[in-house]
Structure formats: structure tokens, C-alpha cells
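Here is work.txt, consisting of compact mmCIF, C-alpha atoms:
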```
# COMPACT_ATOMS: atom_id res chain seq x y z
CA MET Y 1 52.33 73.51 88.39
CA THR Y 2 52.24 73.23 92.16
CA ASP Y 3 51.73 69.66 93.33
CA LYS Y 4 48.32 69.44 95.01
CA SER Y 5 48.42 65.68 95.61
CA ILE Y 6 48.73 66.30 99.35
CA VAL Y 7 46.72 68.97 101.15
CA TYR Y 8 47.92 70.05 104.59
CA SER Y 9 45.50 72.00 106.77
CA LYS Y 10 45.37 73.18 110.36
CA LYS Y 11 42.52 74.48 112.46
CA ASN Y 12 43.35 75.41 116.03
CA SER Y 13 45.37 72.47 117.38
CA ILE Y 14 44.17 69.89 114.84
CA VAL Y 15 46.06 69.12 111.63
CA SER Y 16 44.71 67.22 108.64
CA ILE Y 17 46.59 65.59 105.79
CA LYS Y 18 44.49 64.75 102.74
CA LEU Y 19 45.70 62.34 100.06
CA ASN Y 20 44.45 64.15 96.99
CA ARG Y 21 44.71 62.03 93.85
CA PRO Y 22 41.14 60.72 93.67
CA GLU Y 23 41.47 59.91 89.97
CA SER Y 24 43.96 57.16 90.90
CA ILE Y 25 42.34 56.29 94.26
CA ASN Y 26 45.15 58.24 95.88
CA ALA Y 27 47.89 55.88 94.70
CA ILE Y 28 51.11 57.14 96.23
CA THR Y 29 53.81 58.54 93.96
CA GLN Y 30 57.34 59.38 95.05
CA SER Y 31 56.33 63.04 95.08
CA MET Y 32 53.35 62.28 97.33
CA ARG Y 33 55.54 60.27 99.67
CA ASP Y 34 57.88 63.24 100.04
CA LEU Y 35 54.98 65.65 100.57
CA ILE Y 36 53.44 63.42 103.26
CA TYR Y 37 56.86 63.29 104.92
CA ASP Y 38 57.08 67.09 104.88
CA ALA Y 39 53.52 67.40 106.22
CA LEU Y 40 54.21 65.01 109.09
CA MET Y 41 57.45 66.83 109.94
CA ALA Y 42 55.52 70.12 110.02
CA TYR Y 43 52.96 68.53 112.33
CA SER Y 44 55.65 67.04 114.52
CA TYR Y 45 57.44 70.36 115.08
CA ASP Y 46 54.32 72.51 115.44
CA GLU Y 47 54.13 73.26 119.15
CA GLU Y 48 50.42 74.05 118.90
CA ALA Y 49 49.34 70.93 116.98
CA LYS Y 50 48.05 68.07 119.14
CA ALA Y 51 46.33 65.65 116.74
CA CYS Y 52 46.47 64.80 113.05
CA VAL Y 53 43.80 63.22 110.84
CA ILE Y 54 44.93 61.47 107.64
CA TYR Y 55 42.27 60.78 105.02
CA GLY Y 56 41.75 60.30 101.29
CA ALA Y 57 39.89 62.39 98.72
CA GLY Y 58 37.19 60.95 96.46
CA GLU Y 59 34.54 58.31 96.96
CA LYS Y 60 36.50 55.27 95.75
CA GLY Y 61 38.97 54.88 98.54
CA PHE Y 62 41.55 56.06 101.03
CA CYS Y 63 44.56 54.76 99.10
CA SER Y 64 45.07 52.03 96.49
CA GLY Y 65 48.74 51.59 97.37
CA ALA Y 66 51.89 52.67 95.59
CA ASP Y 67 51.56 54.06 92.08
CA LEU Y 68 52.65 50.96 90.17
CA ILE Y 69 52.80 52.85 86.87
CA GLU Y 70 55.42 55.21 88.24
CA PHE Y 71 57.09 52.37 90.15
CA GLY Y 72 57.39 50.38 86.91
CA LYS Y 73 59.11 53.30 85.19
CA SER Y 74 61.86 53.41 87.79
CA LYS Y 75 65.28 52.19 86.71
CA SER Y 76 64.82 49.27 89.06
CA GLN Y 77 62.89 48.32 92.16
CA ALA Y 78 66.17 48.54 94.09
CA GLU Y 79 66.66 52.11 92.88
CA SER Y 80 63.11 52.99 93.88
CA ARG Y 81 63.67 51.53 97.35
CA LYS Y 82 66.94 53.48 97.66
CA ILE Y 83 65.18 56.76 96.85
CA ARG Y 84 62.46 55.93 99.37
CA LYS Y 85 64.96 55.38 102.17
CA GLN Y 86 66.40 58.86 101.69
CA ARG Y 87 63.19 60.24 103.18
CA ASP Y 88 61.87 57.45 105.36
CA LEU Y 89 58.15 58.25 105.57
CA TRP Y 90 57.32 54.87 107.08
CA GLY Y 91 59.96 55.22 109.78
CA LEU Y 92 58.62 58.67 110.59
CA LEU Y 93 55.05 57.35 110.84
CA SER Y 94 56.20 54.65 113.25
CA GLN Y 95 58.19 57.01 115.46
CA ILE Y 96 56.26 60.29 115.50
CA LYS Y 97 55.41 61.12 119.09
CA LYS Y 98 52.09 62.86 118.46
CA PRO Y 99 48.66 61.24 117.91
CA LEU Y 100 47.81 60.09 114.39
CA ILE Y 101 44.26 59.28 113.31
CA ALA Y 102 43.46 57.42 110.09
CA ALA Y 103 40.01 57.96 108.55
CA VAL Y 104 39.68 55.37 105.79
CA HIS Y 105 37.06 54.30 103.27
CA GLY Y 106 36.71 52.25 100.11
CA TYR Y 107 39.97 50.74 98.92
CA VAL Y 108 42.65 50.56 101.62
CA ILE Y 109 45.30 48.61 99.76
CA GLY Y 110 49.04 48.04 100.13
CA ALA Y 111 50.69 51.28 101.24
CA GLY Y 112 47.25 52.58 102.22
CA LEU Y 113 46.88 49.74 104.70
CA GLU Y 114 50.45 50.27 105.89
CA ILE Y 115 49.74 53.94 106.64
CA THR Y 116 46.56 52.90 108.46
CA SER Y 117 48.39 50.30 110.55
CA LEU Y 118 50.96 52.90 111.65
CA CYS Y 119 48.32 55.30 112.97
CA ASP Y 120 47.18 55.28 116.59
CA ILE Y 121 43.42 55.60 116.06
CA ARG Y 122 41.74 54.03 112.99
CA ILE Y 123 38.23 54.99 111.96
CA SER Y 124 36.63 53.30 108.94
CA ALA Y 125 33.62 53.71 106.72
CA GLU Y 126 31.42 50.65 106.29
CA ASP Y 127 32.49 50.23 102.65
CA ALA Y 128 36.21 49.86 103.36
CA VAL Y 129 38.13 46.81 102.10
CA PHE Y 130 41.69 46.03 103.15
CA ALA Y 131 44.38 44.02 101.37
CA MET Y 132 48.14 43.50 101.00
CA PRO Y 133 48.57 42.32 97.38
CA GLU Y 134 52.31 43.03 97.05
CA VAL Y 135 53.31 39.39 96.68
CA ALA Y 136 51.27 39.17 93.46
CA HIS Y 137 53.36 42.01 92.03
CA GLY Y 138 56.67 40.41 92.93
CA PHE Y 139 57.70 42.33 96.03
CA ILE Y 140 57.11 42.45 99.77
CA PRO Y 141 55.02 44.99 101.73
CA GLY Y 142 58.06 47.25 102.04
CA ALA Y 143 56.46 50.33 103.61
CA GLY Y 144 56.57 48.89 107.10
CA GLY Y 145 53.74 46.45 106.49
CA THR Y 146 55.58 43.31 107.52
CA GLN Y 147 56.09 44.89 110.94
CA SER Y 148 53.08 47.13 111.60
CA PHE Y 149 50.30 44.94 110.21
CA PRO Y 150 51.09 41.80 112.31
CA ARG Y 151 51.27 44.02 115.39
CA ALA Y 152 47.85 45.43 114.57
CA ILE Y 153 45.93 42.19 113.92
CA GLY Y 154 48.28 39.38 114.96
CA LYS Y 155 50.79 37.35 112.98
CA THR Y 156 48.40 34.55 111.95
CA HIS Y 157 45.85 36.82 110.31
CA ALA Y 158 48.49 39.09 108.80
CA MET Y 159 50.24 36.17 107.12
CA ARG Y 160 46.97 35.18 105.49
CA GLN Y 161 46.83 38.60 103.86
CA PHE Y 162 50.53 38.64 102.98
CA LEU Y 163 50.68 35.22 101.34
CA GLY Y 164 47.14 34.51 100.17
CA ASP Y 165 45.01 35.19 97.15
CA ARG Y 166 45.42 38.79 95.95
CA HIS Y 167 41.63 39.03 95.72
CA ASP Y 168 41.16 37.95 99.36
CA ARG Y 169 40.19 41.30 100.83
CA MET Y 170 39.28 41.97 104.43
CA THR Y 171 36.02 43.79 105.11
CA ALA Y 172 35.69 46.62 107.60
CA LYS Y 173 33.69 44.32 109.88
CA ARG Y 174 36.44 41.70 109.84
CA ALA Y 175 39.14 44.34 110.36
CA TYR Y 176 37.23 45.58 113.39
CA GLU Y 177 36.92 42.04 114.78
CA LEU Y 178 40.69 41.54 114.43
CA GLY Y 179 41.50 44.81 116.18
CA LEU Y 180 42.73 46.87 113.24
CA LEU Y 181 39.86 49.35 113.55
CA HIS Y 182 38.56 51.24 116.55
CA LYS Y 183 35.23 52.24 115.04
CA ILE Y 184 33.12 51.73 111.91
CA VAL Y 185 30.75 54.48 110.80
CA SER Y 186 28.84 55.45 107.68
CA TYR Y 187 30.82 57.13 104.91
CA ASP Y 188 28.92 60.37 105.52
CA ASP Y 189 29.99 60.37 109.19
CA LEU Y 190 33.62 59.33 108.63
CA LEU Y 191 35.39 62.69 108.82
CA LYS Y 192 33.02 64.05 111.44
CA THR Y 193 33.86 61.08 113.67
CA ALA Y 194 37.60 61.29 113.04
CA PHE Y 195 37.74 65.00 113.83
CA SER Y 196 35.63 64.41 116.93
CA PHE Y 197 38.31 62.00 118.14
CA ALA Y 198 40.93 64.63 117.33
CA GLU Y 199 39.05 67.28 119.27
CA ASP Y 200 38.82 65.03 122.33
CA ILE Y 201 42.56 64.35 122.13
CA SER Y 202 43.37 68.04 121.74
CA LEU Y 203 41.79 68.80 125.12
CA ASN Y 204 44.86 67.23 126.72
CA ASP Y 205 48.24 68.82 127.35
CA LEU Y 206 50.72 68.25 124.52
CA THR Y 207 53.48 67.21 126.94
CA LEU Y 208 51.19 64.50 128.29
CA LEU Y 209 50.26 63.26 124.80
CA THR Y 210 53.86 63.02 123.63
CA ALA Y 211 54.93 61.35 126.88
CA ILE Y 212 52.30 58.63 126.47
CA LYS Y 213 53.33 57.90 122.87
CA THR Y 214 57.02 57.99 123.76
CA ALA Y 215 56.50 55.48 126.57
CA ALA Y 216 54.43 53.18 124.36
CA ILE Y 217 56.70 53.36 121.28
CA ASP Y 218 60.14 53.43 122.89
CA GLY Y 219 59.22 50.85 125.51
CA TRP Y 220 57.63 48.37 123.07
CA TYR Y 221 60.81 46.46 122.20
CA LYS Y 222 62.47 46.66 125.60
CA PRO Y 223 62.18 44.43 128.69
CA ILE Y 224 59.26 45.55 130.84
CA SER Y 225 61.60 46.70 133.63
CA ILE Y 226 63.25 49.19 131.25
CA GLY Y 227 59.87 50.21 129.87
CA LEU Y 228 58.57 50.90 133.38
CA ASP Y 229 61.65 52.96 134.16
CA LEU Y 230 61.02 55.02 131.02
CA GLU Y 231 57.38 55.46 132.07
CA ASN Y 232 58.42 56.71 135.51
CA ARG Y 233 60.89 59.21 134.05
CA LEU Y 234 58.29 60.52 131.63
CA MET Y 235 55.72 60.76 134.42
CA GLU Y 236 58.11 62.96 136.41
CA LYS Y 237 58.64 65.12 133.34
CA VAL Y 238 54.88 65.58 132.96
CA LYS Y 239 54.59 66.56 136.63
CA LEU Y 240 57.27 69.22 136.22
CA ASN Y 241 55.36 70.74 133.32
CA ASN Y 242 52.05 70.92 135.24
```
Mind turning the file's structure into C-alpha cells?
Amino acid sequence: MTDKSIVYSKKNSIVSIKLNRPESINAITQSMRDLIYDALMAYSYDEEAKACVIYGAGEKGFCSGADLIEFGKSKSQAESRKIRKQRDLWGLLSQIKKPLIAAVHGYVIGAGLEITSLCDIRISAEDAVFAMPEVAHGFIPGAGGTQSFPRAIGKTHAMRQFLGDRHDRMTAKRAYELGLLHKIVSYDDLLKTAFSFAEDISLNDLTLLTAIKTAAIDGWYKPISIGLDLENRLMEKVKLNN
């Protein structure tokens, strides 16, 4: 049977990636991870695609994290991590040079929150709750969460989620106050709002969009003088293409 746990769609210059395991609140299996990787690679290399919306099927939530049932059946956690590194979805999410929009609702837990943190624009339904419960299961947020989440809301608040009570979940309102979210809307308006953002983005030239993300991502860890030099070089490249 063909795996339908990830649905990739494209309309004009806008791509969507739907997590499609609503019966498990879109818990991510190894197969799903690989399919998301393939979908993002397709988006990245599509010369017509300018924006991508990632969202979850079903009413219960965007993503409840990694599929712990499958994870528990692995030979070992180390083996599972080794397999994951062979197709580094989280590295791809952090480095992709095209706009990514997360449209989240309900449970946004563990890997679901890590995916959200690695997107550029984050739209949430009012019912969303966010948490990083990995420590309660005996491992760290290993899908980029220790790096992306503190950058999204600040180290102090991130550490509270990393180390605190597994039942201490962050509401959409609180996530907005801390800067994780750009906008909160009703559940009924979630996808409409996310695709509206995507449509606005798609009005811009693709060279310009990728230049902006390249400058922001590649310059983040460098001294500002090097970052400014990168910005100037990319600006000249944009001018040549216009």
C-alpha cells in the first residue's frame, strides 16, 4: 500500500505539505520523516515554487511528536538516531532557502514544536498547546529543538519547557507573547490565513526570497561585518537578476 502519511500538493507557486496520520495526531514515524524530507527537497528544487505551508490533518492537532511506539521497537535509541541522521530532515528544515510557513493547531508537541520552530512564519489556531516533553521519556529534544526553540522564544523560557513538568504546556496566547507565533486565528480560519501569507510571499521574485533567507541564515552565526558583506553580495546578485 502506498504510504499516504504525507500529502504533497502544489497550486501555482505555492506548495503544501500535510502531515496525514490524524488517528495518531500525526505522530512522526521514520517513514514520515523520510517523506517530509523528500517533499521539502522537491519544494527546494522546484524553480516555480515560492512558498510552502506545512500543516496537520485532523482536529486533534498538528503533530504529537515522534511515534514513540515505533521508536520503542527500534533496536536502540542510538540506532534510531543513526538512521535519522542518514536523511537529516531537521538540518534541511534549518537550511532550506525558501519560505516555510507552519499552520498549527491542537497538540504541537515534541517534534511538532521543533518543526514549527524551524519555520519562518508560524500561524496558530486558538486551541494550540505547545510542549517539549522529551526529558520525561529519557531523551533530549533531538530534532533540532535544543537549538531552534531557544532562538524562537529565548533561552530562559525554552529551558522551562525543556526541564520542567511534562504537563506544563504553553498556550497559543503565551507562545504569541514569547514570539514563537506571528498570528493566532480561529481553527476555521487557520489554513485560509496561512495560504494568504503564502500568496503574499509568492508575489515576490524567487531570487529575492532566497537571497533574504540566505543572508539571514548564513549570516546568523558570523560576525556582523561578514554578515553585512554577505548581504551586499546577495544584493548585487538580486540587482543582476532584475
Calculate how many Å separate atom CA of Y:Lys4 from atom CA of Y:Gly61, rounding to one decimal.
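Rounded to one decimal, the two atoms are 17.7 Å apart.
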Which residues, written as a ChimeraX atom specification, have at least one atom at most 7 Å from Y:Leu191, with only C-alpha atoms counted and residues fewer than 3 positions away on the same chain left out?
/Y:103,194-195
Find the residue from Y:Arg169, Y:Lys11, Y:Arg233, Y:Lys97 that sits nearest to Y:Leu206; use only C-alpha atoms when measuring.
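Nearest to Y:Leu206: Y:Lys97.
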Return the single residue from Y:Asp34, Y:Asp127, Y:Glu59, Y:Asp205 that is closest to Y:Lys98, with distances computed using all atoms listed in the file.
Y:Asp205
Distance in Å - atom CA of Y:Ile212 versus atom CA of Y:Ala42:
20.3 Å
Atom pair atom CA of Y:Cys63 / atom CA of Y:Leu178: separation (Å):
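Value for the atom CA of Y:Cys63-atom CA of Y:Leu178 distance: 20.6 Å.
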Exercise: Y:Ala216 partners within 12 Å, only C-alpha atoms, chain neighbours under 3 positions left out, as number ranges by chain:
Y: 94-99, 120, 209-213, 219-222, 224, 226-228, 230-231, 234
Stretch 48-56 of chain Y environment, 8 Å, all atoms listed in the file, sequence neighbours closer than 3 positions dropped, as number ranges by chain
Y: 12-20, 22, 26, 43-44, 61-63, 98-105, 194-195, 198-199, 201-202, 206, 209
